[in-house]
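Participant: model10.cif is reproduced in full below (mmCIF, C-alpha atoms).
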data_upload
#
loop_
_atom_site.label_atom_id
_atom_site.label_comp_id
_atom_site.auth_asym_id
_atom_site.auth_seq_id
_atom_site.Cartn_x
_atom_site.Cartn_y
_atom_site.Cartn_z
CA MET A 490 91.27 101.55 76.00
CA ARG A 491 91.42 105.30 75.40
CA VAL A 492 93.33 107.75 77.58
CA GLY A 493 92.79 111.48 77.44
CA LEU A 494 95.84 113.57 78.20
CA THR A 495 97.55 116.74 77.10
CA VAL A 496 100.91 116.50 75.40
CA ASN A 497 102.88 119.71 74.93
CA GLY A 498 99.75 121.78 75.36
CA LYS A 499 97.59 119.84 72.92
CA SER A 500 94.78 117.53 73.91
CA GLU A 501 95.77 114.11 72.69
CA PRO A 502 93.56 111.07 73.21
CA LEU A 503 95.69 107.94 72.96
CA GLU A 504 94.53 104.44 72.15
CA ILE A 505 96.48 102.12 74.43
CA GLU A 506 96.55 98.64 75.89
CA PRO A 507 96.02 98.51 79.67
CA GLY A 508 99.56 97.21 80.21
CA ASP A 509 101.31 99.85 78.09
CA THR A 510 103.74 102.20 79.77
CA LEU A 511 103.61 105.92 79.15
CA LEU A 512 106.93 105.58 77.32
CA GLU A 513 105.45 103.13 74.85
CA ALA A 514 102.26 105.12 74.37
CA LEU A 515 104.11 108.37 73.69
CA ARG A 516 106.57 106.82 71.25
CA ALA A 517 103.80 104.95 69.45
CA ASN A 518 102.08 108.28 68.91
CA GLY A 519 105.08 110.01 67.39
CA HIS A 520 106.76 111.48 70.45
CA THR A 521 110.09 109.87 69.68
CA SER A 522 112.12 112.48 71.54
CA VAL A 523 111.14 110.37 74.56
CA LYS A 524 113.97 107.86 74.38
CA ASN A 525 113.68 104.16 75.14
CA GLY A 526 116.89 103.36 76.98
CA CYS A 527 116.61 100.61 79.57
CA ALA A 528 112.79 100.51 79.98
CA ASN A 529 113.61 99.50 83.52
CA GLY A 530 113.77 102.76 85.46
CA ASP A 531 117.55 102.84 85.59
CA CYS A 532 118.78 105.20 82.87
CA GLY A 533 116.30 108.09 82.89
CA ALA A 534 116.42 108.59 79.11
CA CYS A 535 112.63 108.38 78.94
CA ALA A 536 111.96 111.22 81.39
CA VAL A 537 109.05 113.54 80.69
CA LEU A 538 107.34 116.18 82.79
CA LEU A 539 104.12 114.73 84.21
CA ASP A 540 102.10 117.60 85.64
CA GLY A 541 105.35 119.50 86.00
CA ARG A 542 107.45 116.83 87.67
CA ALA A 543 110.08 114.77 85.91
CA VAL A 544 109.26 111.07 85.90
CA ALA A 545 110.68 108.06 84.12
CA SER A 546 107.90 107.35 81.64
CA CYS A 547 108.84 103.67 81.63
CA LEU A 548 107.81 103.49 85.31
CA VAL A 549 104.32 104.86 84.73
CA PHE A 550 101.46 103.05 83.03
CA ALA A 551 99.96 105.12 80.25
CA ALA A 552 96.54 104.75 81.83
CA GLN A 553 97.84 106.45 84.98
CA ALA A 554 98.39 109.62 82.97
CA GLU A 555 94.67 110.04 82.29
CA GLY A 556 93.87 113.75 82.57
CA SER A 557 97.52 114.71 83.03
CA ASP A 558 99.66 117.33 81.35
CA ILE A 559 102.74 115.84 79.69
CA THR A 560 105.69 117.88 78.47
CA THR A 561 108.37 116.39 76.26
CA ILE A 562 111.45 118.24 75.04
CA ASP A 563 109.43 119.35 71.99
CA GLY A 564 107.11 121.32 74.23
CA LEU A 565 109.68 122.94 76.49
CA ALA A 566 110.56 126.02 74.49
CA GLY A 567 108.19 128.96 74.64
CA LYS A 568 106.26 130.06 71.59
CA ASP A 569 108.51 133.03 70.93
CA SER A 570 111.91 131.41 71.15
CA ALA A 571 113.69 128.74 69.22
CA TYR A 572 115.16 127.15 72.30
CA HIS A 573 114.53 127.07 76.01
CA PRO A 574 117.56 128.42 77.93
CA LEU A 575 118.38 124.89 79.03
CA GLN A 576 118.49 123.76 75.41
CA GLN A 577 120.59 126.72 74.31
CA THR A 578 123.12 126.47 77.13
CA MET A 579 123.43 122.73 76.65
CA LEU A 580 124.64 123.54 73.14
CA ASP A 581 126.77 126.51 74.23
CA ALA A 582 128.50 124.58 77.00
CA GLY A 583 129.21 121.56 74.83
CA GLY A 584 127.03 119.35 76.99
CA VAL A 585 125.74 117.32 74.04
CA GLN A 586 127.73 114.47 72.57
CA CYS A 587 125.61 111.62 71.19
CA GLY A 588 122.55 113.42 72.52
CA PHE A 589 120.50 110.38 73.45
CA CYS A 590 120.19 111.32 77.13
CA ILE A 591 119.87 115.06 76.60
CA PRO A 592 116.10 115.56 76.16
CA ALA A 593 115.41 113.76 79.43
CA MET A 594 118.29 115.48 81.19
CA ILE A 595 116.97 118.89 80.16
CA LEU A 596 113.47 118.04 81.35
CA THR A 597 114.80 116.85 84.70
CA ALA A 598 116.79 120.08 84.99
CA ALA A 599 113.66 122.08 84.15
CA ASP A 600 111.88 120.36 87.04
CA LEU A 601 114.78 121.26 89.33
CA LEU A 602 114.99 124.91 88.28
CA ALA A 603 111.24 125.36 88.65
CA ARG A 604 111.67 124.62 92.36
CA ASN A 605 115.21 125.72 93.02
CA PRO A 606 116.19 128.65 90.78
CA GLU A 607 119.74 128.83 92.12
CA PRO A 608 120.95 125.28 92.73
CA THR A 609 124.52 124.48 93.70
CA ARG A 610 126.57 122.17 91.50
CA ASP A 611 126.07 119.43 94.08
CA GLU A 612 122.31 119.94 94.00
CA ILE A 613 122.31 119.77 90.21
CA GLY A 614 124.39 116.60 90.28
CA SER A 615 122.10 115.07 92.87
CA TYR A 616 118.99 115.93 90.86
CA LEU A 617 120.50 114.34 87.76
CA SER A 618 121.29 111.13 89.65
CA GLY A 619 118.64 109.23 87.70
CA ASN A 620 119.78 110.49 84.28
CA LEU A 621 122.69 108.46 83.00
CA CYS A 622 125.04 109.69 80.26
CA ARG A 623 127.56 107.29 78.81
CA CYS A 624 129.44 109.89 76.72
CA THR A 625 130.36 112.63 79.15
CA GLY A 626 131.47 113.11 82.71
CA TYR A 627 128.47 115.37 83.38
CA VAL A 628 130.72 118.41 83.94
CA LYS A 629 129.60 120.35 80.86
CA GLN A 630 125.99 119.45 81.40
CA ILE A 631 126.14 120.79 84.94
CA ASP A 632 127.88 123.89 83.55
CA ALA A 633 124.99 124.27 81.10
CA ILE A 634 122.34 123.99 83.80
CA GLU A 635 124.14 126.58 85.93
CA MET A 636 124.26 128.92 82.94
CA ALA A 637 120.59 128.37 82.17
CA ALA A 638 119.65 128.99 85.81
CA ALA A 639 121.44 132.34 85.66
CA ILE A 640 119.65 133.30 82.44
CA MET A 641 116.28 132.27 83.85
CA ARG A 642 116.84 134.22 87.07
CA GLU A 643 117.40 137.29 84.93
CA GLY A 644 114.07 136.73 83.29
CA GLY A 645 115.31 135.10 80.13
CA ALA A 646 113.05 132.08 80.37
CA ASP A 647 109.78 131.75 78.66
CA GLY A 648 109.64 127.99 78.95
CA MET B 29 108.04 97.35 79.24
CA SER B 30 104.51 96.63 78.13
CA ARG B 31 102.67 93.97 80.05
CA PRO B 32 100.52 92.30 77.38
CA GLY B 33 98.98 89.99 79.96
CA ILE B 34 97.28 92.97 81.60
CA THR B 35 93.90 93.25 79.97
CA GLU B 36 91.86 95.25 82.43
CA TYR B 37 92.44 98.62 84.12
CA LEU B 38 90.08 99.76 86.87
CA ARG B 39 89.82 103.22 88.39
CA PRO B 40 87.74 102.90 91.58
CA GLU B 41 86.52 106.17 93.05
CA SER B 42 86.37 104.94 96.65
CA LEU B 43 88.13 102.57 99.02
CA GLY B 44 85.02 100.39 99.15
CA GLU B 45 84.95 100.05 95.40
CA ALA B 46 88.68 99.29 95.34
CA TRP B 47 88.27 96.70 98.09
CA ARG B 48 85.63 94.81 96.13
CA SER B 49 88.18 94.35 93.34
CA ILE B 50 90.72 92.66 95.60
CA ALA B 51 88.59 91.11 98.36
CA ASP B 52 88.88 87.54 97.17
CA GLY B 53 92.68 87.77 97.01
CA ALA B 54 92.87 86.68 93.40
CA PRO B 55 96.51 86.66 92.26
CA THR B 56 95.42 88.06 88.90
CA VAL B 57 94.45 91.43 90.44
CA ARG B 58 96.96 93.98 91.74
CA LEU B 59 96.52 97.35 93.38
CA LEU B 60 98.39 100.11 91.57
CA SER B 61 99.66 103.22 93.30
CA GLY B 62 102.74 104.94 91.83
CA GLY B 63 103.44 102.19 89.33
CA SER B 64 107.23 102.11 89.64
CA ASP B 65 107.18 98.52 90.87
CA LEU B 66 104.47 96.97 88.70
CA THR B 67 105.68 98.49 85.43
CA ILE B 68 108.88 96.49 85.72
CA SER B 69 108.00 93.51 87.87
CA ALA B 70 104.31 92.69 87.57
CA PRO B 71 104.00 88.92 87.96
CA PRO B 72 102.95 87.20 84.72
CA GLU B 73 99.64 86.05 86.18
CA VAL B 74 98.42 89.63 86.73
CA THR B 75 95.61 90.56 84.34
CA THR B 76 93.92 93.44 86.18
CA LEU B 77 95.28 96.65 87.63
CA VAL B 78 93.28 98.61 90.19
CA ASP B 79 94.48 102.23 90.08
CA LEU B 80 94.10 103.76 93.55
CA ARG B 81 94.76 107.37 92.55
CA SER B 82 91.16 108.51 92.95
CA ALA B 83 90.53 106.45 96.06
CA LEU B 84 93.57 107.51 98.08
CA ASP B 85 94.50 110.81 99.64
CA SER B 86 97.89 112.08 98.49
CA THR B 87 98.41 115.01 100.83
CA VAL B 88 100.69 115.53 103.79
CA SER B 89 99.29 117.48 106.73
CA ALA B 90 100.59 118.57 110.10
CA LYS B 91 98.07 118.43 112.93
CA GLU B 92 97.85 120.88 115.80
CA ASP B 93 99.11 118.28 118.28
CA GLY B 94 102.37 117.99 116.32
CA SER B 95 101.58 114.69 114.65
CA ILE B 96 101.82 114.37 110.89
CA ARG B 97 99.47 112.54 108.57
CA ILE B 98 100.71 111.29 105.21
CA GLY B 99 98.14 110.08 102.69
CA ALA B 100 99.20 106.77 101.16
CA GLY B 101 99.04 108.32 97.69
CA ALA B 102 101.71 110.92 98.56
CA THR B 103 104.82 110.62 96.44
CA LEU B 104 108.21 110.26 98.05
CA THR B 105 109.00 113.72 96.66
CA ALA B 106 105.96 115.22 98.38
CA ILE B 107 107.26 113.78 101.64
CA LEU B 108 110.79 114.97 100.96
CA GLU B 109 109.61 118.52 100.30
CA HIS B 110 106.88 118.99 102.91
CA GLN B 111 107.96 121.59 105.45
CA SER B 112 106.58 119.79 108.50
CA LEU B 113 108.59 116.70 107.59
CA VAL B 114 111.70 118.72 106.84
CA ASP B 115 111.68 119.82 110.48
CA HIS B 116 110.56 116.55 112.11
CA ALA B 117 113.12 114.83 114.39
CA GLY B 118 115.98 117.04 113.32
CA GLY B 119 115.42 116.54 109.62
CA VAL B 120 115.93 112.79 109.41
CA ILE B 121 113.19 112.25 106.82
CA PRO B 122 114.68 114.43 104.05
CA GLU B 123 118.14 113.20 105.05
CA MET B 124 117.00 109.68 104.26
CA MET B 125 114.55 110.38 101.43
CA VAL B 126 117.06 112.21 99.25
CA GLN B 127 119.04 108.96 99.15
CA VAL B 128 116.11 106.85 97.95
CA GLY B 129 116.47 106.20 94.23
CA SER B 130 116.53 109.31 92.07
CA PRO B 131 114.15 112.26 91.65
CA LEU B 132 112.65 110.48 88.64
CA LEU B 133 111.64 107.59 90.88
CA ARG B 134 110.64 109.69 93.88
CA ASN B 135 108.36 111.85 91.73
CA SER B 136 106.16 108.86 90.91
CA ALA B 137 106.63 106.29 93.69
CA THR B 138 104.14 106.62 96.55
CA ILE B 139 104.62 105.92 100.23
CA GLY B 140 101.67 103.53 100.25
CA GLY B 141 103.05 101.44 97.42
CA HIS B 142 106.52 101.51 98.92
CA LEU B 143 105.41 100.22 102.33
CA ALA B 144 102.91 97.70 101.00
CA ARG B 145 105.52 96.00 98.83
CA GLY B 146 107.54 95.34 102.03
CA ARG B 147 110.92 94.94 100.43
CA LEU B 148 114.44 96.32 100.91
CA SER B 149 113.98 99.90 102.01
CA ASP B 150 115.69 102.94 103.50
CA VAL B 151 112.30 104.41 104.39
CA VAL B 152 111.07 101.65 106.70
CA PRO B 153 113.82 101.81 109.39
CA VAL B 154 113.35 105.58 109.68
CA LEU B 155 109.59 105.38 110.00
CA ILE B 156 109.85 102.60 112.59
CA ALA B 157 112.35 104.69 114.57
CA LEU B 158 109.77 107.48 114.53
CA ASP B 159 107.07 105.09 115.85
CA ALA B 160 105.02 105.43 112.66
CA GLU B 161 101.54 103.95 112.49
CA VAL B 162 99.67 102.94 109.40
CA ARG B 163 95.96 102.76 108.70
CA ILE B 164 94.68 99.96 106.57
CA HIS B 165 91.30 99.36 104.98
CA ARG B 166 89.92 95.86 104.93
CA ASP B 167 86.32 95.04 104.10
CA GLY B 168 85.01 98.45 105.12
CA VAL B 169 86.94 98.55 108.38
CA LEU B 170 89.82 100.96 108.99
CA THR B 171 92.44 99.64 111.40
CA ALA B 172 95.40 101.52 112.88
CA LEU B 173 98.51 99.60 113.80
CA SER B 174 102.22 100.25 114.10
CA LEU B 175 104.26 100.02 110.93
CA SER B 176 106.41 97.52 112.72
CA ARG B 177 103.42 95.20 113.32
CA TYR B 178 102.07 95.80 109.82
CA LEU B 179 105.24 94.39 108.34
CA SER B 180 106.27 91.79 110.93
CA GLU B 181 102.79 90.22 111.10
CA GLY B 182 102.48 90.11 107.32
CA HIS B 183 99.46 92.40 107.01
CA ASN B 184 100.99 93.66 103.78
CA THR B 185 100.81 90.19 102.26
CA ARG B 186 97.05 89.84 102.75
CA PRO B 187 94.33 91.73 100.87
CA HIS B 188 94.20 95.28 102.27
CA ILE B 189 94.53 98.90 101.21
CA LEU B 190 97.05 101.03 103.07
CA THR B 191 95.42 104.44 103.39
CA GLU B 192 97.74 106.59 105.47
CA VAL B 193 100.85 106.85 107.59
CA LEU B 194 100.76 108.67 110.91
CA LEU B 195 103.82 110.07 112.62
CA PRO B 196 103.17 110.83 116.29
CA ALA B 197 104.26 114.14 117.78
CA LEU B 198 107.77 114.22 119.21
CA PRO B 199 109.01 116.17 122.23
CA ALA B 200 110.99 119.32 121.49
CA SER B 201 114.20 117.62 122.57
CA SER B 202 114.09 114.81 120.06
CA ALA B 203 116.50 114.08 117.24
CA ALA B 204 117.15 111.24 114.88
CA ALA B 205 119.79 110.39 112.30
CA PHE B 206 120.03 108.01 109.37
CA HIS B 207 123.06 106.45 107.73
CA ARG B 208 123.32 103.89 104.98
CA HIS B 209 126.06 102.03 103.20
CA ALA B 210 125.75 100.99 99.56
CA ARG B 211 128.11 100.23 96.70
CA THR B 212 127.03 103.42 94.92
CA ALA B 213 124.78 106.32 95.85
CA PHE B 214 122.08 105.04 93.49
CA ASP B 215 122.22 101.42 94.65
CA PHE B 216 120.16 99.55 97.20
CA PRO B 217 121.63 99.62 100.70
CA ILE B 218 123.93 96.89 101.96
CA LEU B 219 122.89 98.07 105.39
CA ASN B 220 121.14 101.08 106.87
CA ALA B 221 120.39 102.34 110.35
CA CYS B 222 118.30 104.97 112.04
CA CYS B 223 118.54 106.06 115.66
CA ARG B 224 116.21 108.41 117.47
CA VAL B 225 116.71 109.83 120.93
CA ASP B 226 114.22 111.80 123.06
CA LEU B 227 115.64 113.66 126.03
CA GLY B 228 113.68 114.27 129.22
CA PRO B 229 114.51 116.09 132.42
CA GLU B 230 116.34 113.04 133.78
CA GLY B 231 118.31 112.23 130.65
CA VAL B 232 117.40 109.89 127.83
CA ASP B 233 113.64 109.40 127.84
CA LYS B 234 113.23 107.19 124.80
CA VAL B 235 115.56 105.66 122.26
CA ARG B 236 115.01 103.73 119.06
CA ILE B 237 117.80 101.89 117.27
CA VAL B 238 116.64 100.29 114.03
CA CYS B 239 118.74 98.52 111.43
CA GLY B 240 117.58 97.61 107.94
CA ALA B 241 118.73 95.65 104.91
CA THR B 242 120.36 93.15 107.25
CA PRO B 243 118.85 91.69 104.90
CA HIS B 244 115.71 91.84 107.07
CA LEU B 245 113.58 94.87 106.31
CA ALA B 246 114.07 96.45 109.74
CA LEU B 247 114.94 95.20 113.20
CA ARG B 248 115.17 97.04 116.51
CA ALA B 249 118.23 96.49 118.68
CA ALA B 250 116.63 96.11 122.12
CA ARG B 251 119.81 95.53 124.15
CA ALA B 252 121.50 98.49 122.55
CA GLU B 253 118.45 100.64 123.27
CA ALA B 254 118.47 99.52 126.94
CA SER B 255 122.16 100.36 127.13
CA VAL B 256 121.56 103.94 125.94
CA MET B 257 118.64 104.31 128.34
CA SER B 258 120.86 103.38 131.28
CA ASP B 259 124.23 104.84 130.25
CA GLY B 260 123.26 107.86 128.14
CA LEU B 261 125.05 109.22 125.11
CA THR B 262 128.66 109.73 126.12
CA PRO B 263 131.21 108.54 123.54
CA SER B 264 131.94 105.42 125.57
CA ALA B 265 128.21 104.71 126.00
CA ILE B 266 127.68 105.06 122.26
CA GLU B 267 130.58 102.68 121.66
CA THR B 268 129.04 100.13 124.02
CA ALA B 269 125.57 100.46 122.49
CA SER B 270 126.83 100.12 118.94
CA ARG B 271 128.86 97.04 119.88
CA LEU B 272 125.77 95.49 121.45
CA ALA B 273 123.77 96.28 118.30
CA GLY B 274 126.44 94.57 116.20
CA GLU B 275 126.15 91.49 118.38
CA GLU B 276 122.37 91.27 118.65
CA VAL B 277 121.06 92.25 115.21
CA PRO B 278 120.90 89.09 113.10
CA THR B 279 122.51 89.49 109.70
CA GLY B 280 122.62 87.34 106.62
CA THR B 281 124.92 86.66 103.71
CA GLY B 282 123.83 87.72 100.24
CA TRP B 283 125.51 88.36 96.93
CA VAL B 284 126.54 91.90 97.92
CA ALA B 285 127.79 91.29 101.45
CA SER B 286 128.55 88.63 104.02
CA ALA B 287 126.80 88.40 107.38
CA GLU B 288 130.09 89.22 109.10
CA TYR B 289 130.49 92.40 107.04
CA ARG B 290 126.90 93.42 107.70
CA SER B 291 127.37 92.92 111.46
CA HIS B 292 130.41 95.19 111.28
CA LEU B 293 128.31 97.75 109.41
CA VAL B 294 125.61 97.56 112.10
CA GLU B 295 128.18 98.60 114.69
CA VAL B 296 129.62 101.39 112.54
CA LEU B 297 126.32 102.84 111.35
CA VAL B 298 124.63 102.72 114.76
CA ALA B 299 127.62 104.56 116.26
CA ARG B 300 127.37 107.20 113.51
CA CYS B 301 123.62 107.58 113.96
CA LEU B 302 123.84 107.94 117.73
CA THR B 303 126.70 110.42 117.42
CA THR B 304 124.82 112.50 114.84
CA ALA B 305 121.61 112.45 116.89
CA THR B 306 123.57 113.53 119.96
CA GLU B 307 125.11 116.43 118.03
CA ARG B 308 121.67 117.50 116.84
CA LEU B 309 120.32 117.41 120.39
CA SER B 310 123.12 119.66 121.59
CA ARG B 311 122.33 122.41 119.06
#
Is it possible to express this structure as structure tokens?

Facilitator:
Amino acid sequence: MRVGLTVNGKSEPLEIEPGDTLLEALRANGHTSVKNGCANGDCGACAVLLDGRAVASCLVFAAQAEGSDITTIDGLAGKDSAYHPLQQTMLDAGGVQCGFCIPAMILTAADLLARNPEPTRDEIGSYLSGNLCRCTGYVKQIDAIEMAAAIMREGGADG
Amino acid sequence: MSRPGITEYLRPESLGEAWRSIADGAPTVRLLSGGSDLTISAPPEVTTLVDLRSALDSTVSAKEDGSIRIGAGATLTAILEHQSLVDHAGGVIPEMMVQVGSPLLRNSATIGGHLARGRLSDVVPVLIALDAEVRIHRDGVLTALSLSRYLSEGHNTRPHILTEVLLPALPASSAAAFHRHARTAFDFPILNACCRVDLGPEGVDKVRIVCGATPHLALRAARAEASVMSDGLTPSAIETASRLAGEEVPTGTGWVASAEYRSHLVEVLVARCLTTATERLSR
């Protein structure tokens, strides 16, 4: 069956099987920044923004995304900047080690900051509760999100 | 993971159309709401998914009489964030909902799917404590019944479509509290409890004490409720009520906890809930 959706601002009809998850459909169509971790809803590495909200793409059937707007990490940065503030501060704060969890973690943080521009560290930690990282202790990633929030409040975000 | 056995995907535009897909109760057909359950645990015999997105309302709305209507297609996040639910019963709904899974799950899971699956839940005890009703569609007929009946009488195991959840209005002097105990914040509860107290001019007007994950989905503690109705909410009355709850709520042994431990948790969590609700009423 064919599903019509928008990925990173581009209309992208996908040919899928009815039982395919959104994770599988996106990766099969070249969106490999969407990571396949547990495929079970536990690790959060496959998170994307579905109509602006972060979801585990392994917990959504691809057919459910019909007509939806999907954003992966590749579509987060604005047209005029190399990196979204969340991407830049993740690098600046040393939040990236192996990097496998980072695209999803940044997208989840983007969802948080869109609704709560000045979250506390506890609120950031709570919002990341579904994004597991096996390299770090989350401290530098939370630092990075705090830094990005400050930049975005000052108008430095175009993503 | 992909479900290669699923070969058909239907998108009915109405409840009637959706009903016709499931009316004969064929085990090969499943209703799909948020998807978080079926993507990982669709039974192997399922060949057809019936996506309810277009057929179900997904909004939350507060009515003038103080009651709140939640469309079955509303995500757990929509419920967590809706202002009328933030304020309802002293804020017990967001207090509980923020502990359900993670934002990634809550952003896709729907209340209809969650209740219809009828399994281990932090949501159910809270909604039962708030006297929630559900509306279900069956063969063109919409029926309203309490959430408690919906689950205890097994309506969720027969062909039906859950269309909405209704929370009745509460008096101004009403408060509820929720506590859970789990191995980790992200894990399923070993036990949870929700208590709600309405005060009237003569003292306690109504009380609900509900325990979940016992491992039953949710059970009311009738003797403990009667104790609060007669003795009020002093520290000693709370101690008595929580002890009664620990004695009367049946518990079971599973791989995460023994029945004895769960009974102890009933006593502890009910005492915490009643104490928290009392504090909220005094503000």

Participant: Suppose a student applies the PyMOL selection byres ((chain B) within 8 of (chain A)) to this structure; what residues should they get, written as a list in words?

Facilitator: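 Checking the PyMOL selection byres ((chain B) within 8 of (chain A)) against this file, the residues are Met29, Ser30, Arg31, Pro32, Gly33, Ile34, Thr35, Glu36, Tyr37, Gly62, Gly63, Ser64, Asp65, Thr67, Ile68, Asp79, Gly129, Ser130, Pro131, Leu132, Leu133, Asn135, Ser136 and Phe214 of chain B.
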
Participant: For Ser310 of chain B, which of B:Ala203, B:Leu245, B:Cys239, B:Leu297 is the closest residue, counting all atoms listed in the file?

Facilitator: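 That would be B:Ala203, the residue with the smallest distance to Ser310 of chain B.
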
Participant: What is the atom CA of Lys91 of chain B-atom CA of Ala204 of chain B distance in Å, reported with one decimal?

Facilitator: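 Spanning atom CA of Lys91 of chain B to atom CA of Ala204 of chain B is a straight-line distance of 20.5 Å.
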
Participant: Just the number, please: distance in Å from atom CA of Ala250 of chain B to atom CA of Cys222 of chain B, one decimal.

Facilitator: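 About the pair atom CA of Ala250 of chain B and atom CA of Cys222 of chain B: they are 13.5 Å apart.
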
Participant: Counting only C-alpha atoms, give me one row per residue of segment 599-636 of chain A with an atom at most 9 Å from an atom of segment 579-582 of chain A, showing the shortest contact pair and its distance in Å to one decimal, sorted by chain then residue number, as a tab-separated table.

Facilitator:
residue	atom	partner	partner_atom	distance
A:Lys629	CA	A:Ala582	CA	5.8
A:Gln630	CA	A:Met579	CA	6.3
A:Ile631	CA	A:Met579	CA	8.9
A:Asp632	CA	A:Ala582	CA	6.6
A:Ala633	CA	A:Met579	CA	5.0
A:Ile634	CA	A:Met579	CA	7.3
A:Met636	CA	A:Ala582	CA	8.5

Participant: Go ahead and compute the interatomic distance for atom CA of Glu643 of chain A and atom CA of Ala598 of chain A, in Å to one decimal.

Facilitator: 17.2 Å

Participant: Quick one: residues within 8 Å of Ser86 of chain B, all atoms listed in the file, excluding same-chain residues fewer than 2 positions away - as a list in words?

Facilitator: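 The residues that qualify are Leu84, Val88, Ile98, Gly99, Ala100, Gly101, Ala102 and Thr103 of chain B.
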
Participant: Pick out the residues sitting within 7 Å of Pro502 of chain A, and hand them over as a list in words; count all atoms listed in the file, and ignore anything fewer than 3 positions along from it in its own chain.

Facilitator: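 Contacts, in chain order: Arg491, Val492, Gly493 and Leu494 of chain A.
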
Participant: For the selection just defined, write its residues with C-alpha atoms to a file, as a PDB file, in the frame of the given file.

Facilitator:
ATOM      1  CA  ARG A 491      91.420 105.300  75.400  1.00  0.00           C
ATOM      2  CA  VAL A 492      93.330 107.750  77.580  1.00  0.00           C
ATOM      3  CA  GLY A 493      92.790 111.480  77.440  1.00  0.00           C
ATOM      4  CA  LEU A 494      95.840 113.570  78.200  1.00  0.00           C
TER       5      LEU A 494
END

Participant: For Val152 of chain B, which residue among B:Leu247, B:Leu194, B:Val225, B:Leu59 is the nearest when counting all atoms listed in the file?

Facilitator: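 Closest residue, counting all atoms listed in the file: B:Leu247.
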
Participant: Tell me which of B:Gly118, B:Ile189, B:Leu175, B:Gly146 sits closest to Arg311 of chain B, counting all atoms listed in the file.

Facilitator: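 Of B:Gly118, B:Ile189, B:Leu175, B:Gly146, the one nearest Arg311 of chain B is B:Gly118, counting all atoms listed in the file.
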
Participant: Run the PyMOL selection byres ((chain B and resi 274) around 7) against the file shown and list the residues it catches, as a JSON list (two decimals) with C-alpha atoms, keeping the file's coordinate frame.

Facilitator:
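Written output follows (selection15.json):
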[["chain", "number", "residue", "atom", "x", "y", "z"],
["B", 270, "SER", "CA", 126.83, 100.12, 118.94],
["B", 271, "ARG", "CA", 128.86, 97.04, 119.88],
["B", 272, "LEU", "CA", 125.77, 95.49, 121.45],
["B", 273, "ALA", "CA", 123.77, 96.28, 118.30],
["B", 275, "GLU", "CA", 126.15, 91.49, 118.38],
["B", 276, "GLU", "CA", 122.37, 91.27, 118.65],
["B", 277, "VAL", "CA", 121.06, 92.25, 115.21],
["B", 291, "SER", "CA", 127.37, 92.92, 111.46],
["B", 292, "HIS", "CA", 130.41, 95.19, 111.28],
["B", 294, "VAL", "CA", 125.61, 97.56, 112.10],
["B", 295, "GLU", "CA", 128.18, 98.60, 114.69]]

Participant: Name all residues at most 12 Å from Gly644 of chain A (count only C-alpha atoms; drop same-chain ones fewer than 5 positions away) and give them as a PDB file with C-alpha atoms, keeping the file's coordinate frame.

Facilitator:
ATOM      1  CA  PRO A 574     117.560 128.420  77.930  1.00  0.00           C
ATOM      2  CA  PRO A 606     116.190 128.650  90.780  1.00  0.00           C
ATOM      3  CA  ALA A 637     120.590 128.370  82.170  1.00  0.00           C
ATOM      4  CA  ALA A 638     119.650 128.990  85.810  1.00  0.00           C
ATOM      5  CA  ALA A 639     121.440 132.340  85.660  1.00  0.00           C
TER       6      ALA A 639
END
